[in-house]
Each structure stands twice: as C-alpha cells, then as structure tokens.
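Peer 1: The file below is upload_13.tsv, TSV, C-alpha atoms:
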chain	number	residue	atom	x	y	z
A	93	MET	CA	0.00	0.00	0.00
A	94	ASP	CA	1.24	3.50	-0.81
A	95	SER	CA	2.26	5.69	2.11
A	96	VAL	CA	3.53	9.24	2.41
A	97	ARG	CA	7.25	10.01	2.39
A	98	PHE	CA	8.16	13.52	3.55
A	99	LEU	CA	11.07	15.11	1.69
A	100	ALA	CA	11.40	18.54	3.31
A	101	ASP	CA	10.07	20.16	6.47
A	102	SER	CA	10.11	23.86	7.44
A	103	SER	CA	8.07	26.25	9.57
A	104	SER	CA	7.49	30.00	9.47
A	105	ASP	CA	4.86	32.41	10.79
A	106	GLY	CA	2.85	29.65	12.42
A	107	VAL	CA	2.70	27.41	9.35
A	108	ARG	CA	4.50	24.10	8.88
A	109	GLU	CA	5.23	23.21	5.24
A	110	ARG	CA	6.20	19.67	4.22
A	111	ASP	CA	6.99	18.51	0.71
A	112	PHE	CA	6.06	14.86	0.17
A	113	ILE	CA	5.62	12.09	-2.33
A	114	VAL	CA	3.02	9.32	-2.37
A	115	GLY	CA	3.91	6.71	-4.95
A	116	GLU	CA	4.83	8.92	-7.90
A	117	ILE	CA	2.60	11.84	-6.83
A	118	PRO	CA	4.50	14.90	-5.50
A	119	GLY	CA	2.72	17.31	-3.20
A	120	VAL	CA	2.94	19.68	-0.27
A	121	LEU	CA	1.15	19.76	3.08
A	122	TRP	CA	0.64	22.97	5.06
A	123	SER	CA	-0.51	22.63	8.66
A	124	PRO	CA	-0.38	24.54	11.95
A	125	ALA	CA	3.20	24.73	13.23
A	126	VAL	CA	2.00	23.83	16.72
A	127	ALA	CA	-0.02	20.66	16.60
A	128	GLY	CA	-3.25	20.93	18.56
A	129	GLY	CA	-5.01	17.73	17.59
A	130	PRO	CA	-6.78	16.65	14.41
A	131	THR	CA	-7.62	19.41	11.94
A	132	PRO	CA	-10.01	19.74	9.00
A	133	LEU	CA	-8.30	19.05	5.67
A	134	VAL	CA	-8.65	21.14	2.53
A	135	LEU	CA	-7.68	19.65	-0.85
A	136	MET	CA	-6.39	22.40	-3.13
A	137	GLY	CA	-6.16	22.07	-6.92
A	138	HIS	CA	-4.13	24.35	-9.20
A	139	GLY	CA	-4.64	25.98	-12.59
A	140	GLY	CA	-3.75	24.56	-15.98
A	141	GLY	CA	-0.08	24.83	-16.89
A	142	GLN	CA	0.77	25.70	-13.25
A	143	HIS	CA	1.87	23.70	-10.21
A	144	LYS	CA	1.20	23.02	-6.56
A	145	LYS	CA	3.32	25.89	-5.17
A	146	THR	CA	2.54	28.96	-7.23
A	147	PRO	CA	2.73	32.13	-5.10
A	148	ALA	CA	-1.04	32.56	-5.13
A	149	GLN	CA	-1.58	28.94	-4.16
A	150	VAL	CA	0.90	29.15	-1.28
A	151	ALA	CA	-0.72	32.37	-0.05
A	152	ARG	CA	-4.20	30.81	-0.06
A	153	ALA	CA	-2.95	27.70	1.71
A	154	ARG	CA	-1.13	29.62	4.43
A	155	ASP	CA	-4.17	31.84	4.96
A	156	ASN	CA	-6.34	28.76	5.49
A	157	VAL	CA	-3.88	27.46	8.10
A	158	VAL	CA	-3.40	30.73	9.99
A	159	LYS	CA	-6.97	32.04	9.86
A	160	TRP	CA	-8.96	28.83	10.26
A	161	GLY	CA	-6.54	26.21	11.62
A	162	PHE	CA	-6.96	23.91	8.63
A	163	SER	CA	-4.41	21.59	7.10
A	164	VAL	CA	-4.09	22.06	3.33
A	165	VAL	CA	-2.73	19.57	0.81
A	166	ALA	CA	-1.90	20.23	-2.84
A	167	ILE	CA	-0.51	17.89	-5.49
A	168	ASP	CA	0.76	18.42	-9.00
A	169	ALA	CA	-1.77	17.40	-11.63
A	170	PRO	CA	-0.61	14.77	-14.15
A	171	GLY	CA	1.93	16.27	-16.55
A	172	HIS	CA	2.31	19.42	-14.40
A	173	GLY	CA	4.83	20.78	-11.91
A	174	ASP	CA	7.37	18.17	-10.81
A	175	ARG	CA	5.65	15.39	-12.71
A	176	PRO	CA	7.04	14.18	-16.04
A	177	ARG	CA	5.55	15.67	-19.18
A	178	ARG	CA	4.02	13.06	-21.45
A	179	ALA	CA	3.34	13.11	-25.17
A	180	VAL	CA	-0.35	13.78	-24.51
A	181	ASP	CA	0.56	16.85	-22.43
A	182	ASP	CA	2.88	18.31	-25.07
A	183	GLN	CA	0.37	17.68	-27.83
A	184	ALA	CA	-2.51	19.30	-25.94
A	185	ARG	CA	-0.44	22.37	-25.06
A	186	ALA	CA	0.74	22.75	-28.65
A	187	GLU	CA	-2.83	22.49	-29.92
A	188	LEU	CA	-4.02	25.04	-27.37
A	189	ARG	CA	-1.27	27.52	-28.30
A	190	GLN	CA	-2.09	27.15	-31.97
A	191	ALA	CA	-5.82	27.60	-31.41
A	192	MET	CA	-5.21	30.72	-29.30
A	193	THR	CA	-2.83	32.14	-31.92
A	194	ASP	CA	-5.44	31.52	-34.62
A	195	GLY	CA	-8.20	33.07	-32.53
A	196	ASP	CA	-10.07	29.76	-32.82
A	197	SER	CA	-12.33	29.79	-29.77
A	198	ALA	CA	-14.06	26.56	-30.81
A	199	GLY	CA	-10.65	24.88	-31.10
A	200	VAL	CA	-9.63	26.12	-27.66
A	201	ALA	CA	-12.88	24.75	-26.22
A	202	SER	CA	-12.50	21.38	-27.90
A	203	VAL	CA	-8.87	20.81	-26.85
A	204	SER	CA	-9.44	22.06	-23.29
A	205	ALA	CA	-12.47	19.87	-22.70
A	206	ARG	CA	-10.80	16.77	-24.12
A	207	TYR	CA	-7.51	17.27	-22.30
A	208	GLY	CA	-9.21	18.21	-19.04
A	209	ALA	CA	-11.31	15.04	-19.11
A	210	THR	CA	-8.16	12.98	-19.70
A	211	LEU	CA	-6.41	14.59	-16.73
A	212	ALA	CA	-9.42	14.20	-14.46
A	213	GLU	CA	-9.67	10.49	-15.25
A	214	GLN	CA	-6.20	10.01	-13.76
A	215	ALA	CA	-6.26	12.73	-11.11
A	216	VAL	CA	-9.51	11.78	-9.34
A	217	PRO	CA	-8.25	8.37	-8.08
A	218	GLU	CA	-4.92	10.02	-7.24
A	219	TRP	CA	-6.70	12.56	-5.03
A	220	GLN	CA	-8.68	9.75	-3.40
A	221	LEU	CA	-5.44	7.95	-2.60
A	222	ILE	CA	-3.96	11.15	-1.13
A	223	LEU	CA	-7.06	11.61	0.99
A	224	LYS	CA	-6.82	8.07	2.35
A	225	VAL	CA	-3.11	8.41	3.13
A	226	PHE	CA	-3.47	11.73	4.93
A	227	GLN	CA	-6.44	10.61	6.99
A	228	ASP	CA	-4.02	8.07	8.48
A	229	LEU	CA	-1.86	10.89	9.88
A	230	PRO	CA	-2.55	11.64	13.57
A	231	GLU	CA	-2.75	15.40	12.99
A	232	ILE	CA	-5.63	14.89	10.56
A	233	GLY	CA	-7.27	11.56	11.41
A	234	PRO	CA	-10.02	9.44	9.83
A	235	GLU	CA	-12.85	11.66	11.11
A	236	ALA	CA	-11.41	14.94	9.79
A	237	PRO	CA	-13.91	17.10	7.88
A	238	ILE	CA	-12.78	17.41	4.23
A	239	GLY	CA	-13.25	20.35	1.86
A	240	TYR	CA	-12.16	21.11	-1.68
A	241	GLY	CA	-10.62	24.53	-2.22
A	242	GLY	CA	-9.47	24.25	-5.84
A	243	GLY	CA	-9.05	27.40	-7.83
A	244	ILE	CA	-10.39	28.19	-11.27
A	245	THR	CA	-9.43	26.49	-14.58
A	246	LEU	CA	-7.94	23.02	-14.16
A	247	GLY	CA	-8.60	23.02	-10.42
A	248	THR	CA	-12.29	23.06	-11.32
A	249	GLY	CA	-11.97	20.66	-14.26
A	250	ILE	CA	-10.53	18.04	-11.90
A	251	GLY	CA	-12.32	19.14	-8.74
A	252	ILE	CA	-15.89	18.75	-9.98
A	253	PRO	CA	-15.49	15.06	-10.94
A	254	LEU	CA	-13.60	14.50	-7.67
A	255	VAL	CA	-16.29	16.02	-5.45
A	256	ALA	CA	-18.99	14.19	-7.42
A	257	ALA	CA	-17.20	10.89	-6.76
A	258	GLU	CA	-16.00	11.45	-3.19
A	259	PRO	CA	-18.61	11.37	-0.38
A	260	ARG	CA	-16.05	12.42	2.25
A	261	ILE	CA	-15.91	15.99	0.85
A	262	ARG	CA	-18.37	18.25	2.70
A	263	ALA	CA	-18.07	21.55	0.78
A	264	ALA	CA	-16.27	22.86	-2.28
A	265	ILE	CA	-15.00	26.03	-3.93
A	266	PHE	CA	-14.89	25.99	-7.73
A	267	GLY	CA	-14.47	28.66	-10.37
A	268	GLY	CA	-15.07	29.51	-13.99
A	269	GLY	CA	-12.22	29.68	-16.45
A	270	PHE	CA	-12.55	26.07	-17.57
A	271	VAL	CA	-14.25	24.99	-20.78
A	272	VAL	CA	-17.47	23.20	-19.87
A	273	GLY	CA	-18.28	19.93	-21.59
A	274	GLU	CA	-21.25	17.64	-21.06
A	275	SER	CA	-19.25	15.32	-18.77
A	276	LEU	CA	-18.55	18.25	-16.42
A	277	ILE	CA	-22.23	19.24	-16.42
A	278	GLU	CA	-23.20	15.66	-15.58
A	279	ALA	CA	-20.69	15.56	-12.71
A	280	ALA	CA	-21.98	18.91	-11.39
A	281	ARG	CA	-25.51	17.53	-11.26
A	282	ARG	CA	-24.31	14.81	-8.87
A	283	ILE	CA	-22.85	17.32	-6.41
A	284	THR	CA	-25.13	18.14	-3.49
A	285	VAL	CA	-22.68	19.59	-0.94
A	286	PRO	CA	-22.49	23.38	-0.46
A	287	VAL	CA	-20.67	25.12	-3.33
A	288	GLN	CA	-19.07	28.53	-3.74
A	289	PHE	CA	-18.49	29.35	-7.42
A	290	LEU	CA	-16.11	32.09	-8.62
A	291	LEU	CA	-16.64	33.55	-12.09
A	292	PRO	CA	-14.16	35.78	-13.99
A	293	TRP	CA	-16.72	37.91	-15.82
A	294	ASP	CA	-14.51	38.85	-18.79
A	295	ASP	CA	-12.78	35.51	-19.47
A	296	GLN	CA	-11.59	35.63	-23.08
A	297	HIS	CA	-11.28	31.86	-23.41
A	298	VAL	CA	-14.46	30.56	-21.77
A	299	ASP	CA	-17.97	31.50	-22.80
A	300	ARG	CA	-19.72	33.20	-19.89
A	301	GLN	CA	-23.00	31.43	-20.52
A	302	SER	CA	-21.33	28.02	-20.30
A	303	ALA	CA	-19.98	28.95	-16.85
A	304	LEU	CA	-23.46	30.07	-15.77
A	305	ASP	CA	-24.89	26.79	-17.10
A	306	LEU	CA	-22.33	24.91	-15.01
A	307	PHE	CA	-23.33	26.81	-11.88
A	308	ASP	CA	-26.98	26.11	-12.63
A	309	ALA	CA	-26.22	22.38	-12.96
A	310	PHE	CA	-24.93	21.93	-9.40
A	311	GLY	CA	-27.43	19.88	-7.43
A	312	SER	CA	-26.57	21.67	-4.19
A	313	ALA	CA	-29.29	23.27	-2.08
A	314	GLU	CA	-26.68	25.81	-0.94
A	315	LYS	CA	-24.67	27.38	-3.75
A	316	THR	CA	-23.50	30.93	-4.33
A	317	LEU	CA	-21.99	32.62	-7.38
A	318	HIS	CA	-19.40	35.41	-7.08
A	319	ALA	CA	-18.69	37.27	-10.33
A	320	ASN	CA	-15.85	39.81	-10.51
A	321	PRO	CA	-14.53	41.80	-13.48
A	322	GLY	CA	-11.36	40.31	-14.93
A	323	ASP	CA	-10.06	38.01	-17.64
A	324	HIS	CA	-8.67	34.48	-17.61
A	325	ARG	CA	-5.48	35.34	-15.75
A	326	ASN	CA	-5.92	38.83	-14.29
A	327	ILE	CA	-8.58	39.14	-11.66
A	328	ARG	CA	-8.86	40.31	-8.07
A	329	TRP	CA	-11.63	38.78	-6.02
A	330	TYR	CA	-13.86	40.99	-3.88
A	331	GLY	CA	-16.93	40.19	-1.83
A	332	LEU	CA	-16.20	36.51	-1.35
A	333	ASP	CA	-17.60	34.50	1.54
A	334	GLU	CA	-14.25	34.07	3.28
A	335	ALA	CA	-15.74	31.88	6.02
A	336	PHE	CA	-17.42	29.48	3.58
A	337	LEU	CA	-15.24	26.43	4.24
A	338	SER	CA	-14.95	27.22	7.94
A	339	ARG	CA	-18.73	27.08	8.38
A	340	HIS	CA	-18.98	23.67	6.76
A	341	LEU	CA	-15.81	22.09	8.14
I'd like the structure from this file rewritten - as structure tokens, please.
Peer 2:
Amino acid sequence: MDSVRFLADSSSDGVRERDFIVGEIPGVLWSPAVAGGPTPLVLMGHGGGQHKKTPAQVARARDNVVKWGFSVVAIDAPGHGDRPRRAVDDQARAELRQAMTDGDSAGVASVSARYGATLAEQAVPEWQLILKVFQDLPEIGPEAPIGYGGGITLGTGIGIPLVAAEPRIRAAIFGGGFVVGESLIEAARRITVPVQFLLPWDDQHVDRQSALDLFDAFGSAEKTLHANPGDHRNIRWYGLDEAFLSRHL
C-alpha cells in the first residue's frame, strides 16, 4: 500500500510546510506549526499549466492554516509541476497555443475539454489515494472534515469530478475559467454539498453562458456565485464569503 514520504520540512509564521511524495505523486502539506489535535483538511487544486506551489496557491494555503486552523494539501496534476511531461501533455499544449494564436475559440474549447477530461480520469483516483493516506496521519485523522478549495481552470476541471465521486468531501469552492463539456455538467448535477463558485466575468477563453450553465447544474441546495470583473489570468476577487469552508468544516 502506498504511504507518504516527507522530503522537506520547514516552519514559518505559524505554518509548517512539508513537501512529500506518495507513490509517484508529488505534493505539499501545510498545517499549523504547533499541533493541537486533528484538523479539518482542505484539498487544493491548481490551474492549468501551473503547479502546486505557485505564489497565489501558497498564499491561499497559508491563509487557510493561519486564519482557520486547517491543514491544506496540494498535489501536481498529471503532466504538471514536478511530474514528467508526457506526449499527450505536449500535444494538448501545442494544440491550445495554436488555437489561441489563430483566434479559434471553438478549437480552444475542444482541446481544453478533451484534455481536461483525460487529466481528471487520472487525477480523481490520485486525489482519493492522497485523501486516504493523509487521513491516516494523527494530525488529521479518519474523522477529519474534508473540503475542496481548488481554484479556477484546471482546479475546477478536476475538482468537480472528484467532489462528485468522493462522499467524504463536505463543501467545495470551484471557479469559472474552464471549458465546460457535457461530462462536467453531468458531474456537477451529482454534487449536493455546499458550493461557492467564482466567475471571472470577462474571461476571453471561456464562454460566460457556459460557466453560468455549469453553476446552474450543481445539485446543491446551498450554492453561491461570485462574479468579478477580470479576464482568464488577471482578476482580483472581492466580496467573497471568506468563512465558507470554515462554516462547513
């Protein structure tokens, strides 16, 4: 059975940061520097073409630890970060660059949806393995409340199928910025936990109506949509429910 192997361990400003590997999956765990018993656990996805420790990702993770006392775990998606690039990754990225250069929005949508579904098929069982391994740690424990705090783009493309498949997750934060295919809509319909959905209003790569259709598809009785001006990469979020995960975890 796979277990976690910690590779680096440091602490600063009340946050302990540990790089790890489970099988061939590299990740990082942020937790309170002073252990005070089991903590809720937030799974945090990252954007397409990025990695588990972008500055924005680290800032969000540390804020969750300091402000709410959570532990936060992030892993590199297949073909991203410290994971080896495969032929399918290089081909998809080349096709995306070409479609963007050509101004081919339909091509961007087609490649993104196809590639995202391929990544999610591998990443969902990987996240479930990570969840099982970390619930065995004494500072988290088998009864720890679990949330998903993935960002926009790929973090949503993987996160929606994960939350739909994983009954241990109690609440989730998703976002627009990911091309919506029918498989994602179907997964959203199976989600009934509370959802907070972030929408970049001026995303140049994702049709706004498709993001609204995705939000509408969630089967959750409690779901809120937060739309802010900004494009695919440049947006500052205002008016968010900062205590969303804390209330449910």
Peer 1: Counting all atoms listed in the file, what is within 10 Å of Tyr330 of chain A, bar same-chain residues fewer than 3 positions away, as JSON, numbers by chain?
Peer 2: {"A": [318, 319, 320, 321, 327, 333, 334]}
Peer 1: Smallest atom-to-atom distance to Arg108 of chain A: which of A:Phe266, A:Trp160, A:Trp122, A:Trp219, using only C-alpha atoms?
Peer 2: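 Residue with the minimum atom-to-atom distance to Arg108 of chain A: A:Trp122.
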Peer 1: When you look at Ala201 of chain A with a cut-off of 9 Å (counting only C-alpha atoms), what residues show up, excluding the ones that are within fewer than 4 positions of it in the same chain? I need them as a PDB file with C-alpha atoms, in the coordinates of the input.
Peer 2:
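That gives us result_35.pdb:
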ATOM      1  CA  LEU A 188      -4.020  25.040 -27.370  1.00  0.00           C
ATOM      2  CA  ASP A 196     -10.070  29.760 -32.820  1.00  0.00           C
ATOM      3  CA  SER A 197     -12.330  29.790 -29.770  1.00  0.00           C
ATOM      4  CA  ALA A 205     -12.470  19.870 -22.700  1.00  0.00           C
ATOM      5  CA  ARG A 206     -10.800  16.770 -24.120  1.00  0.00           C
ATOM      6  CA  PHE A 270     -12.550  26.070 -17.570  1.00  0.00           C
ATOM      7  CA  VAL A 271     -14.250  24.990 -20.780  1.00  0.00           C
ATOM      8  CA  VAL A 272     -17.470  23.200 -19.870  1.00  0.00           C
ATOM      9  CA  GLY A 273     -18.280  19.930 -21.590  1.00  0.00           C
ATOM     10  CA  HIS A 297     -11.280  31.860 -23.410  1.00  0.00           C
ATOM     11  CA  VAL A 298     -14.460  30.560 -21.770  1.00  0.00           C
TER      12      VAL A 298
END
Peer 1: Skip Val285 of chain A itself and residues of its chain fewer than 3 positions away, then list as a ChimeraX atom specification all residues within 12 Å of it, counting only C-alpha atoms.
Peer 2: /A:238-240,252,255-265,280-282,288,310-316,337,340-341
Peer 1: Atom CA of Pro237 of chain A to atom CA of Ala127 of chain A: how many Å, to one decimal?
Peer 2: 16.8 Å
Peer 1: I'd like to know which of A:Val200, A:Val216, A:Ala184, A:Ile244 is closest to Gln149 of chain A, using all atoms listed in the file.
Peer 2: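 Using all atoms listed in the file, Gln149 of chain A sits closest to A:Ile244.
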Peer 1: Report as an MDAnalysis selection string all protein, DNA and RNA residues lying within 7 Å of Pro124 of chain A, evaluated on only C-alpha atoms, omitting residues in the same chain fewer than 5 positions from it.
Peer 2: chainID A and resid 106:108 157 161 163
Peer 1: Reconstruct segment 301-328 of chain A at the level of N, CA and C atoms, and format the result as an mmCIF file, in the coordinates of the input.
Peer 2:
data_model
loop_
_atom_site.group_PDB
_atom_site.id
_atom_site.type_symbol
_atom_site.label_atom_id
_atom_site.label_comp_id
_atom_site.auth_asym_id
_atom_site.auth_seq_id
_atom_site.Cartn_x
_atom_site.Cartn_y
_atom_site.Cartn_z
ATOM 1 N N GLN A 301 -21.762 32.179 -20.688
ATOM 2 C CA GLN A 301 -23.000 31.430 -20.520
ATOM 3 C C GLN A 301 -22.731 29.987 -20.130
ATOM 4 N N SER A 302 -21.642 29.406 -20.659
ATOM 5 C CA SER A 302 -21.330 28.020 -20.300
ATOM 6 C C SER A 302 -20.975 27.920 -18.817
ATOM 7 N N ALA A 303 -20.295 28.948 -18.278
ATOM 8 C CA ALA A 303 -19.980 28.950 -16.850
ATOM 9 C C ALA A 303 -21.255 29.087 -16.018
ATOM 10 N N LEU A 304 -22.193 29.925 -16.481
ATOM 11 C CA LEU A 304 -23.460 30.070 -15.770
ATOM 12 C C LEU A 304 -24.265 28.764 -15.839
ATOM 13 N N ASP A 305 -24.203 28.081 -16.981
ATOM 14 C CA ASP A 305 -24.890 26.790 -17.100
ATOM 15 C C ASP A 305 -24.297 25.770 -16.127
ATOM 16 N N LEU A 306 -22.975 25.818 -15.949
ATOM 17 C CA LEU A 306 -22.330 24.910 -15.010
ATOM 18 C C LEU A 306 -22.799 25.192 -13.590
ATOM 19 N N PHE A 307 -22.842 26.458 -13.217
ATOM 20 C CA PHE A 307 -23.330 26.810 -11.880
ATOM 21 C C PHE A 307 -24.764 26.335 -11.694
ATOM 22 N N ASP A 308 -25.578 26.523 -12.709
ATOM 23 C CA ASP A 308 -26.980 26.110 -12.630
ATOM 24 C C ASP A 308 -27.102 24.599 -12.450
ATOM 25 N N ALA A 309 -26.135 23.842 -12.994
ATOM 26 C CA ALA A 309 -26.220 22.380 -12.960
ATOM 27 C C ALA A 309 -25.945 21.795 -11.581
ATOM 28 N N PHE A 310 -25.227 22.498 -10.715
ATOM 29 C CA PHE A 310 -24.930 21.930 -9.400
ATOM 30 C C PHE A 310 -26.226 21.552 -8.693
ATOM 31 N N GLY A 311 -26.238 20.344 -8.128
ATOM 32 C CA GLY A 311 -27.430 19.880 -7.430
ATOM 33 C C GLY A 311 -27.514 20.333 -5.994
ATOM 34 N N SER A 312 -26.667 21.241 -5.584
ATOM 35 C CA SER A 312 -26.570 21.670 -4.190
ATOM 36 C C SER A 312 -27.723 22.587 -3.803
ATOM 37 N N ALA A 313 -28.275 22.368 -2.607
ATOM 38 C CA ALA A 313 -29.290 23.270 -2.080
ATOM 39 C C ALA A 313 -28.674 24.609 -1.702
ATOM 40 N N GLU A 314 -27.402 24.577 -1.253
ATOM 41 C CA GLU A 314 -26.680 25.810 -0.940
ATOM 42 C C GLU A 314 -25.574 26.014 -1.962
ATOM 43 N N LYS A 315 -25.712 27.031 -2.783
ATOM 44 C CA LYS A 315 -24.670 27.380 -3.750
ATOM 45 C C LYS A 315 -24.749 28.873 -4.005
ATOM 46 N N THR A 316 -23.572 29.499 -4.083
ATOM 47 C CA THR A 316 -23.500 30.930 -4.330
ATOM 48 C C THR A 316 -22.526 31.204 -5.463
ATOM 49 N N LEU A 317 -22.834 32.218 -6.254
ATOM 50 C CA LEU A 317 -21.990 32.620 -7.380
ATOM 51 C C LEU A 317 -21.419 33.994 -7.105
ATOM 52 N N HIS A 318 -20.093 34.149 -7.296
ATOM 53 C CA HIS A 318 -19.400 35.410 -7.080
ATOM 54 C C HIS A 318 -18.715 35.804 -8.383
ATOM 55 N N ALA A 319 -19.231 36.833 -9.042
ATOM 56 C CA ALA A 319 -18.690 37.270 -10.330
ATOM 57 C C ALA A 319 -17.938 38.586 -10.136
ATOM 58 N N ASN A 320 -16.672 38.606 -10.580
ATOM 59 C CA ASN A 320 -15.850 39.810 -10.510
ATOM 60 C C ASN A 320 -15.323 40.141 -11.896
ATOM 61 N N PRO A 321 -15.145 41.443 -12.199
ATOM 62 C CA PRO A 321 -14.530 41.800 -13.480
ATOM 63 C C PRO A 321 -13.108 41.259 -13.558
ATOM 64 N N GLY A 322 -12.711 40.824 -14.746
ATOM 65 C CA GLY A 322 -11.360 40.310 -14.930
ATOM 66 C C GLY A 322 -11.350 39.223 -15.981
ATOM 67 N N ASP A 323 -10.164 39.008 -16.576
ATOM 68 C CA ASP A 323 -10.060 38.010 -17.640
ATOM 69 C C ASP A 323 -9.522 36.695 -17.086
ATOM 70 N N HIS A 324 -9.046 35.838 -17.977
ATOM 71 C CA HIS A 324 -8.670 34.480 -17.610
ATOM 72 C C HIS A 324 -7.554 34.429 -16.576
ATOM 73 N N ARG A 325 -6.634 35.373 -16.642
ATOM 74 C CA ARG A 325 -5.480 35.340 -15.750
ATOM 75 C C ARG A 325 -5.422 36.514 -14.775
ATOM 76 N N ASN A 326 -6.085 37.608 -15.086
ATOM 77 C CA ASN A 326 -5.920 38.830 -14.290
ATOM 78 C C ASN A 326 -7.239 39.213 -13.646
ATOM 79 N N ILE A 327 -7.350 38.845 -12.394
ATOM 80 C CA ILE A 327 -8.580 39.140 -11.660
ATOM 81 C C ILE A 327 -8.275 39.257 -10.179
ATOM 82 N N ARG A 328 -8.939 40.193 -9.532
ATOM 83 C CA ARG A 328 -8.860 40.310 -8.070
ATOM 84 C C ARG A 328 -10.251 40.065 -7.537
#
